[in-house]
Amino acid sequence: MKYAASLIYRLIVALILASLVAGAQYLFAERWNRGTEFIGAGNSIRGYAYSPFQRDQSPLKGTYPNEAEIAADLDLLAQTGERIRTYGSTEVPAIARLAGERKLTVTAGAWLSPDPEANEREIDALVESVRELRHIERVVVGNEVLLRGDLSVAELSAYLDKVRKALRRLKVPVSTAEPWHVWLKHPELAKSVDFITVHLLPYHEGVPVESAVEYVLMRYDELAKAFPKKKIVIGEVGWPSRGPVMNSFGAEETTSVPSVENEARFIREFLAHPRSPTLDYFIMEAIDQPWKIQLEGWAGAYWGMFNAERQAKFPLEGLVVQDIRWHEKARMAALIALVPMFLICFLLRDWSILGRLWLSALIQACAVTLVIGANVPADYYLTQRDLVGLAMLIGATVLTIAVLLSHGFEFGEVLFKRRWKRRFLPLTPLATEREPFVSIHLACCNEPPEMVIATIDSLAAMNYGNFEVLVLDNNTKDEALWKPLEARCAELGPRFRFFHLENWPGFKAGALNFGLKQTDPRAEVVGVVDADYVVSPDWLSCLIPHFDAADVAVVQAPQAHRDWETQPFRRMCNWEFDGFFRIGMHHRNERNALIQHGTMTLVRRLALEEVGGWSEWCICEDTELGLRLIEKGYDTRYVDHILGRGLTPSDFAAIKSQRFRWAFGAMQILKHHLPAMIGPSRLNIAQRYHFLTGWFAWLGDALQLVFVFASLAWTIGMLYMPQEFGLPVSALALPILAFMAFKGGLGPILYRRTMDAPWKDILGASILSVGMAHAIARGVFAGLVKRRGEFVRTPKGWKDKGTLAFFSPIREEIGLLLALILGSVVLVWLRGAQDLEAQLWVGILALQCIPYLAAIACQVASYMPERPATVVEPAPETKPSASITPIAESSTTPIVEAMRARG
């Protein structure tokens, strides 16, 4: 009964929390789209410029609307308008007749082009329509013919004279349509027309919307003064709801910004102006025409008062909202996120309320982003090329969301989990007679002998009596490097055995497999130590007791470093490594999903032999072994207690090489073990989750590299083919980049919350982490394409470097950085600094510069000299918190007391 009550309580709490987040999202969307109040229109619309094509139709493709579709359009326009203007006579001849049936007066057009035969057909059809239909009040022969340069003034005048002559008896006036400046440039054209048809579109001239109506009237008056005896008809006047920002570079640089709000403002102010009832005009235009993108760029599709679905973009009275479908989108986002949020709030009962709300809000934000992306085809009129690009962006969004949620889960668990269920501590050492025999394998290749000897000597000084050490020198050619190791092992006695392997295959894994064959038959545990690690005396004594549990196959302590305090790059390395072992390893240890690393790792020998030893096909043999052991159902344990210290990579080139190898090996593991991760295996859901998402951050780095090349290609397209590459991909990519920036901010917060790291070191670790993104991305792609890689030793310790080698490790990063900067500069130069679309795109390019700037900073840091040692800084330890409780190395523990008791 008590359990049932507890379950009901948890269900209710989870439902309330999930509903709160979903409701908050809806309220935020409502506030974001609360609308803007503009002056009411006041007057009805005198006329619409009308093209009848539906969303998926285009005269360029020869697809035309049927009479039922045209009739529905005209019924819609007749509700608010009195007249329509058409542009052609042959393609959709039924428009004029259907308009008359709805009491709409028609200004009929004939489309003129450089093709004389087509022009004759247009004129003949126009004249025939006027003779048959009495509600055609006037005709417009040619639309912006001179502006496009399709005909000369003389050629156009000849066509006008021909039509005027044919319609003289019917007394139907004739004109042609051009922008205001074309009429002023060719005043002789007025002799061939009965009235002036002018296009007044201030958006194209970079006029701000707040002064656009007065600008239209100014140009109208200018024409009236130039042609005082001619009636003036405004053939097109309007404002687009989407498109690029247009600049004016006159005495005062201004911009015109397309948006639904600005379109509504312009139309309402124009209709409400006191002079509006005295004007003869056609609103440009009745209904959005997506096909015009191919002719006019992406603004050309968005001039309609109605969208392509025949929905009004805004009312003529009342509030104007930017997105008329926001209710639908907000509801969809809430429904998508509700179930995952409920499960999070129900299952993570050991998280605080704040933590569950945090992760739920993150899920809701991801759902909103997906809904926005999925609705882009409905909100924008996309070409086939745009749809391909959108599909790639949505795929990238899904991957980015997966990365973000995995990091958010780790972030929340570290900060909001009340306690760790699997927090393993160093144990009291076993009595001497109970100590199992341990075989320690030290593989090395071309290492400095003094460094390896320091490791060997630390092993000899351990407080553990029942062990052997196998030093496995792997393919070192220089005898000066391996002979001192052989001599030192001989000095330490039979417990230390040295093997020099010539032309041995399998890299480090091959050497370790050789060592496994040479291992003392008494050995129950195999330990692996890197050549640069000086181990603590109690390494074995406090960890070996964990193997008393029969299912334990691996016991792991964190990597730590020495001699890092006095050099900037080594400080960066130390804290960057430390973040994983003090944050990520706890997260994975909680569900027995460790990333095993080959430094000071202890493995049960029987388990190691059961799974076939070390995999020589994989260059990350340690991590791959850990996954195989977990797949067999073994337990792996992480003890967050520093029991040895190694050296940091020697420079930025060394750590780049190391991360490339790790990323390459990770992809090898992912490909090889994917069937077990997604198909039948002994892995539980949590383990599958960790091994599938554990490398998401590196996949995110690979995605970033793809974004860089795609952004550069799109920038070139925007510069050289602006009409084809005018779609605001920046608006689509912005959520992805915002997620990346948000993800980047999680690391420093975790560092500050869980570790005693000064802010300058948190910054340094963050710069190093970001600066390796390019090397990791290359490793990911190489690992996905190639089957086998080459194990490259990571140089350790500090060494002087020549200045000539400075640029070599970062030449690719410098090249991409310069390309991004050049693209930004040229875009601003050609499009103008006031172009908001250019500003947004330049901002995106600038964000993508960060990893390459960080790489340069890392390279600079690796060249900085050491400073004199002052006070030795304490080892980095985890801050006390509700989640992680540290064990200070200097504290008095049962281990220390046991050591004292043993003398």
# chains A, B, ... in the order shown; residues from 1 in each chain; ligands from 1
>>> residues_around(residues="segment 706-720 of chain A", least_positions_apart="6", cutoff="7 Å", atoms="only C-alpha atoms", output="number ranges by chain")
A: 726, 820, 823, 827, 848
>>> residues_around(residues="Phe691 of chain A", least_positions_apart="3", cutoff="8 Å", atoms="only C-alpha atoms", output="ChimeraX atom specification")
/A:593,677,687-688,694-695
>>> write_last_selection(atoms="all heavy atoms", output="PDB file, in the first residue's frame")
ATOM      1  N   ALA A 593      29.549   1.645 -17.114  1.00  0.00           N
ATOM      2  CA  ALA A 593      29.795   1.883 -18.539  1.00  0.00           C
ATOM      3  C   ALA A 593      31.088   2.677 -18.713  1.00  0.00           C
ATOM      4  O   ALA A 593      31.146   3.650 -19.456  1.00  0.00           O
ATOM      5  CB  ALA A 593      28.621   2.633 -19.164  1.00  0.00           C
ATOM      6  N   MET A 677      25.515  -2.791 -29.612  1.00  0.00           N
ATOM      7  CA  MET A 677      24.936  -1.613 -28.967  1.00  0.00           C
ATOM      8  C   MET A 677      23.474  -1.416 -29.324  1.00  0.00           C
ATOM      9  O   MET A 677      22.700  -0.891 -28.524  1.00  0.00           O
ATOM     10  CB  MET A 677      25.732  -0.365 -29.358  1.00  0.00           C
ATOM     11  CG  MET A 677      27.153  -0.336 -28.835  1.00  0.00           C
ATOM     12  SD  MET A 677      27.981   1.196 -29.318  1.00  0.00           S
ATOM     13  CE  MET A 677      29.703   0.770 -28.975  1.00  0.00           C
ATOM     14  N   GLN A 687      23.938   1.259 -20.441  1.00  0.00           N
ATOM     15  CA  GLN A 687      25.254   1.046 -21.046  1.00  0.00           C
ATOM     16  C   GLN A 687      25.231   1.346 -22.539  1.00  0.00           C
ATOM     17  O   GLN A 687      26.160   1.954 -23.084  1.00  0.00           O
ATOM     18  CB  GLN A 687      25.697  -0.400 -20.792  1.00  0.00           C
ATOM     19  CG  GLN A 687      26.036  -0.680 -19.334  1.00  0.00           C
ATOM     20  CD  GLN A 687      26.164  -2.166 -19.039  1.00  0.00           C
ATOM     21  OE1 GLN A 687      25.611  -3.004 -19.762  1.00  0.00           O
ATOM     22  NE2 GLN A 687      26.873  -2.501 -17.973  1.00  0.00           N
ATOM     23  N   ARG A 688      24.178   0.930 -23.205  1.00  0.00           N
ATOM     24  CA  ARG A 688      24.053   1.257 -24.634  1.00  0.00           C
ATOM     25  C   ARG A 688      24.047   2.775 -24.817  1.00  0.00           C
ATOM     26  O   ARG A 688      24.674   3.316 -25.727  1.00  0.00           O
ATOM     27  CB  ARG A 688      22.771   0.648 -25.211  1.00  0.00           C
ATOM     28  CG  ARG A 688      22.746  -0.874 -25.240  1.00  0.00           C
ATOM     29  CD  ARG A 688      21.335  -1.367 -25.559  1.00  0.00           C
ATOM     30  NE  ARG A 688      21.190  -2.794 -25.306  1.00  0.00           N
ATOM     31  CZ  ARG A 688      21.219  -3.730 -26.250  1.00  0.00           C
ATOM     32  NH1 ARG A 688      21.387  -3.385 -27.510  1.00  0.00           N
ATOM     33  NH2 ARG A 688      21.080  -5.004 -25.943  1.00  0.00           N
ATOM     34  N   GLY A 694      28.603   8.527 -25.820  1.00  0.00           N
ATOM     35  CA  GLY A 694      29.869   8.957 -25.226  1.00  0.00           C
ATOM     36  C   GLY A 694      30.768   9.688 -26.193  1.00  0.00           C
ATOM     37  O   GLY A 694      31.599  10.498 -25.780  1.00  0.00           O
ATOM     38  N   TRP A 695      30.625   9.399 -27.480  1.00  0.00           N
ATOM     39  CA  TRP A 695      31.455  10.061 -28.481  1.00  0.00           C
ATOM     40  C   TRP A 695      30.686  11.111 -29.273  1.00  0.00           C
ATOM     41  O   TRP A 695      31.151  11.577 -30.318  1.00  0.00           O
ATOM     42  CB  TRP A 695      32.054   9.017 -29.423  1.00  0.00           C
ATOM     43  CG  TRP A 695      33.036   8.122 -28.727  1.00  0.00           C
ATOM     44  CD1 TRP A 695      34.192   8.487 -28.106  1.00  0.00           C
ATOM     45  CD2 TRP A 695      32.932   6.704 -28.552  1.00  0.00           C
ATOM     46  NE1 TRP A 695      34.825   7.392 -27.563  1.00  0.00           N
ATOM     47  CE2 TRP A 695      34.077   6.267 -27.833  1.00  0.00           C
ATOM     48  CE3 TRP A 695      32.008   5.740 -28.941  1.00  0.00           C
ATOM     49  CZ2 TRP A 695      34.310   4.946 -27.497  1.00  0.00           C
ATOM     50  CZ3 TRP A 695      32.226   4.420 -28.607  1.00  0.00           C
ATOM     51  CH2 TRP A 695      33.367   4.032 -27.890  1.00  0.00           C
TER      52      TRP A 695
END
>>> atom_distance(atom1="atom CA of Arg385 of chain A", atom2="atom CA of Ser259 of chain A")
23.4 Å
>>> closest_residue(among="A:Pro340, A:Gly389, A:Gly626, A:Pro448", to="Val552 of chain A", atoms="only C-alpha atoms")
A:Gly626
>>> closest_residue(among="A:Phe227, A:Tyr634, A:Phe547, A:Phe569", to="Pro436 of chain A", atoms="only C-alpha atoms")
A:Phe547
>>> residues_around(residues="segment 177-194 of chain A", least_positions_apart="2", cutoff="6 Å", atoms="only C-alpha atoms", output="PDB file with N, CA, C and O atoms, in the first residue's frame")
ATOM      1  N   ASN A 143       5.386  44.704 -69.156  1.00  0.00           N
ATOM      2  CA  ASN A 143       5.630  44.957 -67.731  1.00  0.00           C
ATOM      3  C   ASN A 143       7.145  45.025 -67.496  1.00  0.00           C
ATOM      4  O   ASN A 143       7.840  44.013 -67.635  1.00  0.00           O
ATOM      5  N   GLU A 144       7.646  46.216 -67.206  1.00  0.00           N
ATOM      6  CA  GLU A 144       9.071  46.454 -66.922  1.00  0.00           C
ATOM      7  C   GLU A 144       9.958  45.955 -68.061  1.00  0.00           C
ATOM      8  O   GLU A 144      11.048  45.419 -67.851  1.00  0.00           O
ATOM      9  N   SER A 157       7.246  51.215 -78.123  1.00  0.00           N
ATOM     10  CA  SER A 157       6.281  52.201 -78.619  1.00  0.00           C
ATOM     11  C   SER A 157       5.504  51.656 -79.811  1.00  0.00           C
ATOM     12  O   SER A 157       4.299  51.929 -79.963  1.00  0.00           O
ATOM     13  N   PRO A 173      -8.300  52.713 -72.683  1.00  0.00           N
ATOM     14  CA  PRO A 173      -6.966  53.327 -72.614  1.00  0.00           C
ATOM     15  C   PRO A 173      -5.867  52.275 -72.521  1.00  0.00           C
ATOM     16  O   PRO A 173      -6.057  51.186 -71.991  1.00  0.00           O
ATOM     17  N   VAL A 174      -4.683  52.643 -73.026  1.00  0.00           N
ATOM     18  CA  VAL A 174      -3.542  51.731 -73.123  1.00  0.00           C
ATOM     19  C   VAL A 174      -2.326  52.357 -72.444  1.00  0.00           C
ATOM     20  O   VAL A 174      -2.093  53.566 -72.565  1.00  0.00           O
ATOM     21  N   SER A 175      -1.555  51.498 -71.767  1.00  0.00           N
ATOM     22  CA  SER A 175      -0.326  51.970 -71.125  1.00  0.00           C
ATOM     23  C   SER A 175       0.685  50.830 -71.087  1.00  0.00           C
ATOM     24  O   SER A 175       0.408  49.711 -71.561  1.00  0.00           O
ATOM     25  N   THR A 197       1.508  54.041 -66.107  1.00  0.00           N
ATOM     26  CA  THR A 197       1.441  52.968 -65.094  1.00  0.00           C
ATOM     27  C   THR A 197       2.820  52.857 -64.455  1.00  0.00           C
ATOM     28  O   THR A 197       3.795  52.506 -65.132  1.00  0.00           O
ATOM     29  N   VAL A 198       2.889  53.161 -63.169  1.00  0.00           N
ATOM     30  CA  VAL A 198       4.180  53.235 -62.488  1.00  0.00           C
ATOM     31  C   VAL A 198       4.234  52.220 -61.354  1.00  0.00           C
ATOM     32  O   VAL A 198       3.235  51.953 -60.694  1.00  0.00           O
ATOM     33  N   HIS A 199       5.418  51.657 -61.160  1.00  0.00           N
ATOM     34  CA  HIS A 199       5.671  50.759 -60.022  1.00  0.00           C
ATOM     35  C   HIS A 199       6.437  51.527 -58.956  1.00  0.00           C
ATOM     36  O   HIS A 199       7.533  52.049 -59.228  1.00  0.00           O
TER      37      HIS A 199
END
>>> select_by_dssp(residues="segment 217-247 of chain A", states="strand (DSSP E)", output="list in words")
Lys231, Ile232, Val233, Ile234, Gly235, Glu236, Val237, Met246 and Asn247 of chain A
>>> write_last_selection(atoms="all heavy atoms", output="PDB file, in the first residue's frame")
ATOM      1  N   LYS A 231      -2.916  60.827 -66.758  1.00  0.00           N
ATOM      2  CA  LYS A 231      -3.390  60.176 -65.542  1.00  0.00           C
ATOM      3  C   LYS A 231      -2.325  59.181 -65.090  1.00  0.00           C
ATOM      4  O   LYS A 231      -1.696  58.514 -65.916  1.00  0.00           O
ATOM      5  CB  LYS A 231      -4.700  59.444 -65.795  1.00  0.00           C
ATOM      6  CG  LYS A 231      -5.198  58.622 -64.606  1.00  0.00           C
ATOM      7  CD  LYS A 231      -6.488  57.905 -64.948  1.00  0.00           C
ATOM      8  CE  LYS A 231      -6.923  56.955 -63.821  1.00  0.00           C
ATOM      9  NZ  LYS A 231      -7.172  57.657 -62.542  1.00  0.00           N
ATOM     10  N   ILE A 232      -2.120  59.069 -63.771  1.00  0.00           N
ATOM     11  CA  ILE A 232      -1.106  58.158 -63.229  1.00  0.00           C
ATOM     12  C   ILE A 232      -1.802  57.042 -62.454  1.00  0.00           C
ATOM     13  O   ILE A 232      -2.604  57.299 -61.552  1.00  0.00           O
ATOM     14  CB  ILE A 232      -0.108  58.895 -62.322  1.00  0.00           C
ATOM     15  CG1 ILE A 232       0.658  59.932 -63.151  1.00  0.00           C
ATOM     16  CG2 ILE A 232       0.863  57.907 -61.671  1.00  0.00           C
ATOM     17  CD1 ILE A 232       1.617  60.771 -62.334  1.00  0.00           C
ATOM     18  N   VAL A 233      -1.504  55.828 -62.836  1.00  0.00           N
ATOM     19  CA  VAL A 233      -1.994  54.637 -62.142  1.00  0.00           C
ATOM     20  C   VAL A 233      -0.799  53.938 -61.498  1.00  0.00           C
ATOM     21  O   VAL A 233       0.205  53.680 -62.172  1.00  0.00           O
ATOM     22  CB  VAL A 233      -2.706  53.676 -63.118  1.00  0.00           C
ATOM     23  CG1 VAL A 233      -3.102  52.382 -62.399  1.00  0.00           C
ATOM     24  CG2 VAL A 233      -3.923  54.348 -63.725  1.00  0.00           C
ATOM     25  N   ILE A 234      -0.894  53.670 -60.212  1.00  0.00           N
ATOM     26  CA  ILE A 234       0.174  52.930 -59.512  1.00  0.00           C
ATOM     27  C   ILE A 234      -0.066  51.447 -59.770  1.00  0.00           C
ATOM     28  O   ILE A 234      -0.949  50.833 -59.186  1.00  0.00           O
ATOM     29  CB  ILE A 234       0.178  53.239 -58.006  1.00  0.00           C
ATOM     30  CG1 ILE A 234       0.341  54.739 -57.769  1.00  0.00           C
ATOM     31  CG2 ILE A 234       1.306  52.461 -57.316  1.00  0.00           C
ATOM     32  CD1 ILE A 234       0.269  55.137 -56.297  1.00  0.00           C
ATOM     33  N   GLY A 235       0.720  50.897 -60.670  1.00  0.00           N
ATOM     34  CA  GLY A 235       0.510  49.502 -61.072  1.00  0.00           C
ATOM     35  C   GLY A 235       0.951  48.509 -60.012  1.00  0.00           C
ATOM     36  O   GLY A 235       0.404  47.397 -59.923  1.00  0.00           O
ATOM     37  N   GLU A 236       1.924  48.874 -59.190  1.00  0.00           N
ATOM     38  CA  GLU A 236       2.405  48.019 -58.100  1.00  0.00           C
ATOM     39  C   GLU A 236       2.853  48.905 -56.959  1.00  0.00           C
ATOM     40  O   GLU A 236       3.663  49.831 -57.151  1.00  0.00           O
ATOM     41  CB  GLU A 236       3.577  47.130 -58.550  1.00  0.00           C
ATOM     42  CG  GLU A 236       3.218  46.070 -59.561  1.00  0.00           C
ATOM     43  CD  GLU A 236       4.414  45.223 -59.990  1.00  0.00           C
ATOM     44  OE1 GLU A 236       5.545  45.504 -59.509  1.00  0.00           O
ATOM     45  OE2 GLU A 236       4.221  44.298 -60.805  1.00  0.00           O
ATOM     46  N   VAL A 237       2.378  48.621 -55.764  1.00  0.00           N
ATOM     47  CA  VAL A 237       2.841  49.279 -54.554  1.00  0.00           C
ATOM     48  C   VAL A 237       2.692  48.280 -53.407  1.00  0.00           C
ATOM     49  O   VAL A 237       1.641  47.663 -53.249  1.00  0.00           O
ATOM     50  CB  VAL A 237       2.070  50.583 -54.264  1.00  0.00           C
ATOM     51  CG1 VAL A 237       0.585  50.322 -54.039  1.00  0.00           C
ATOM     52  CG2 VAL A 237       2.678  51.314 -53.072  1.00  0.00           C
ATOM     53  N   MET A 246      17.584  45.315 -47.904  1.00  0.00           N
ATOM     54  CA  MET A 246      18.059  46.132 -49.019  1.00  0.00           C
ATOM     55  C   MET A 246      18.669  47.419 -48.476  1.00  0.00           C
ATOM     56  O   MET A 246      18.140  48.036 -47.542  1.00  0.00           O
ATOM     57  CB  MET A 246      16.910  46.463 -49.968  1.00  0.00           C
ATOM     58  CG  MET A 246      16.209  45.237 -50.537  1.00  0.00           C
ATOM     59  SD  MET A 246      17.308  44.200 -51.535  1.00  0.00           S
ATOM     60  CE  MET A 246      17.556  45.262 -52.948  1.00  0.00           C
ATOM     61  N   ASN A 247      19.792  47.828 -49.080  1.00  0.00           N
ATOM     62  CA  ASN A 247      20.504  49.015 -48.630  1.00  0.00           C
ATOM     63  C   ASN A 247      20.366  50.146 -49.635  1.00  0.00           C
ATOM     64  O   ASN A 247      20.286  49.925 -50.843  1.00  0.00           O
ATOM     65  CB  ASN A 247      21.991  48.709 -48.442  1.00  0.00           C
ATOM     66  CG  ASN A 247      22.212  47.676 -47.360  1.00  0.00           C
ATOM     67  OD1 ASN A 247      21.742  47.829 -46.252  1.00  0.00           O
ATOM     68  ND2 ASN A 247      22.934  46.615 -47.690  1.00  0.00           N
TER      69      ASN A 247
END
>>> closest_atom_pairs(of="segment 605-691 of chain A", to="segment 534-545 of chain A", cutoff="12 Å", atoms="only C-alpha atoms", output="Markdown table")
| residue | atom | partner | partner_atom | distance |
| --- | --- | --- | --- | --- |
| A:Arg637 | CA | A:Leu543 | CA | 9.8 |
| A:Tyr638 | CA | A:Leu543 | CA | 9.8 |
| A:Val639 | CA | A:Leu543 | CA | 8.0 |
| A:Asp640 | CA | A:Leu543 | CA | 11.0 |
| A:His641 | CA | A:Trp539 | CA | 9.6 |
| A:Ile642 | CA | A:Ser536 | CA | 8.2 |
| A:Leu643 | CA | A:Ser536 | CA | 4.9 |
| A:Gly644 | CA | A:Val535 | CA | 3.9 |
| A:Arg645 | CA | A:Val534 | CA | 5.4 |
| A:Gly646 | CA | A:Val534 | CA | 6.2 |
| A:Leu647 | CA | A:Val534 | CA | 9.2 |
>>> write_last_selection(atoms="N, CA and C atoms", output="PDB file, in the first residue's frame")
ATOM      1  N   ARG A 637      34.924  -0.853 -12.263  1.00  0.00           N
ATOM      2  CA  ARG A 637      34.827   0.106 -11.162  1.00  0.00           C
ATOM      3  C   ARG A 637      35.827   1.243 -11.345  1.00  0.00           C
ATOM      4  N   TYR A 638      35.372   2.419 -10.941  1.00  0.00           N
ATOM      5  CA  TYR A 638      36.219   3.610 -10.980  1.00  0.00           C
ATOM      6  C   TYR A 638      36.381   4.150  -9.571  1.00  0.00           C
ATOM      7  N   VAL A 639      37.618   4.285  -9.146  1.00  0.00           N
ATOM      8  CA  VAL A 639      37.935   4.809  -7.814  1.00  0.00           C
ATOM      9  C   VAL A 639      38.596   6.168  -8.005  1.00  0.00           C
ATOM     10  N   ASP A 640      37.884   7.213  -7.641  1.00  0.00           N
ATOM     11  CA  ASP A 640      38.380   8.566  -7.890  1.00  0.00           C
ATOM     12  C   ASP A 640      39.373   8.965  -6.797  1.00  0.00           C
ATOM     13  N   HIS A 641      40.575   8.400  -6.905  1.00  0.00           N
ATOM     14  CA  HIS A 641      41.645   8.677  -5.956  1.00  0.00           C
ATOM     15  C   HIS A 641      42.955   8.628  -6.720  1.00  0.00           C
ATOM     16  N   ILE A 642      43.706   9.703  -6.676  1.00  0.00           N
ATOM     17  CA  ILE A 642      44.937   9.781  -7.460  1.00  0.00           C
ATOM     18  C   ILE A 642      45.975   8.842  -6.880  1.00  0.00           C
ATOM     19  N   LEU A 643      46.423   7.880  -7.697  1.00  0.00           N
ATOM     20  CA  LEU A 643      47.376   6.867  -7.263  1.00  0.00           C
ATOM     21  C   LEU A 643      48.596   6.818  -8.183  1.00  0.00           C
ATOM     22  N   GLY A 644      48.794   7.867  -8.943  1.00  0.00           N
ATOM     23  CA  GLY A 644      49.957   7.941  -9.808  1.00  0.00           C
ATOM     24  C   GLY A 644      49.852   9.157 -10.697  1.00  0.00           C
ATOM     25  N   ARG A 645      51.007   9.632 -11.152  1.00  0.00           N
ATOM     26  CA  ARG A 645      51.011  10.834 -11.972  1.00  0.00           C
ATOM     27  C   ARG A 645      51.954  10.639 -13.153  1.00  0.00           C
ATOM     28  N   GLY A 646      51.486  11.086 -14.326  1.00  0.00           N
ATOM     29  CA  GLY A 646      52.306  11.004 -15.519  1.00  0.00           C
ATOM     30  C   GLY A 646      52.659  12.381 -16.020  1.00  0.00           C
ATOM     31  N   LEU A 647      53.153  12.424 -17.232  1.00  0.00           N
ATOM     32  CA  LEU A 647      53.538  13.676 -17.866  1.00  0.00           C
ATOM     33  C   LEU A 647      52.505  14.073 -18.908  1.00  0.00           C
TER      34      LEU A 647
END
>>> atom_distance(atom1="atom CA of His273 of chain A", atom2="atom CA of Ile39 of chain A")
10.0 Å
>>> decode(residues="segment 302-336 of chain A", atoms="C-alpha atoms", output="PDB file, in the first residue's frame")
ATOM      1  CA  TYR A 302       6.701  37.060 -50.574  1.00  0.00           C
ATOM      2  CA  TRP A 303       4.878  40.205 -51.769  1.00  0.00           C
ATOM      3  CA  GLY A 304       1.373  38.811 -51.309  1.00  0.00           C
ATOM      4  CA  MET A 305      -1.297  39.977 -48.881  1.00  0.00           C
ATOM      5  CA  PHE A 306      -2.095  36.245 -48.696  1.00  0.00           C
ATOM      6  CA  ASN A 307       0.411  33.415 -48.485  1.00  0.00           C
ATOM      7  CA  ALA A 308       0.532  30.595 -51.007  1.00  0.00           C
ATOM      8  CA  GLU A 309      -2.003  28.631 -48.923  1.00  0.00           C
ATOM      9  CA  ARG A 310      -4.391  31.590 -49.396  1.00  0.00           C
ATOM     10  CA  GLN A 311      -4.218  32.570 -45.707  1.00  0.00           C
ATOM     11  CA  ALA A 312      -4.140  36.269 -44.828  1.00  0.00           C
ATOM     12  CA  LYS A 313      -0.696  37.165 -43.472  1.00  0.00           C
ATOM     13  CA  PHE A 314      -2.155  39.895 -41.286  1.00  0.00           C
ATOM     14  CA  PRO A 315      -5.508  41.610 -40.682  1.00  0.00           C
ATOM     15  CA  LEU A 316      -6.214  45.133 -41.855  1.00  0.00           C
ATOM     16  CA  GLU A 317      -7.267  46.044 -38.313  1.00  0.00           C
ATOM     17  CA  GLY A 318      -5.952  44.994 -34.877  1.00  0.00           C
ATOM     18  CA  LEU A 319      -2.718  43.275 -33.810  1.00  0.00           C
ATOM     19  CA  VAL A 320      -0.180  41.967 -36.308  1.00  0.00           C
ATOM     20  CA  VAL A 321       1.784  38.834 -35.340  1.00  0.00           C
ATOM     21  CA  GLN A 322       4.992  37.749 -37.051  1.00  0.00           C
ATOM     22  CA  ASP A 323       3.905  34.100 -37.252  1.00  0.00           C
ATOM     23  CA  ILE A 324       0.226  33.411 -37.740  1.00  0.00           C
ATOM     24  CA  ARG A 325       0.823  29.672 -37.084  1.00  0.00           C
ATOM     25  CA  TRP A 326       2.562  30.063 -33.729  1.00  0.00           C
ATOM     26  CA  HIS A 327      -0.320  28.392 -31.846  1.00  0.00           C
ATOM     27  CA  GLU A 328       0.003  25.274 -33.970  1.00  0.00           C
ATOM     28  CA  LYS A 329       3.782  25.154 -33.599  1.00  0.00           C
ATOM     29  CA  ALA A 330       3.714  25.723 -29.840  1.00  0.00           C
ATOM     30  CA  ARG A 331       1.156  22.965 -29.350  1.00  0.00           C
ATOM     31  CA  MET A 332       3.166  20.567 -31.499  1.00  0.00           C
ATOM     32  CA  ALA A 333       6.392  21.310 -29.594  1.00  0.00           C
ATOM     33  CA  ALA A 334       4.622  20.741 -26.282  1.00  0.00           C
ATOM     34  CA  LEU A 335       3.157  17.420 -27.438  1.00  0.00           C
ATOM     35  CA  ILE A 336       6.508  16.166 -28.781  1.00  0.00           C
TER      36      ILE A 336
END
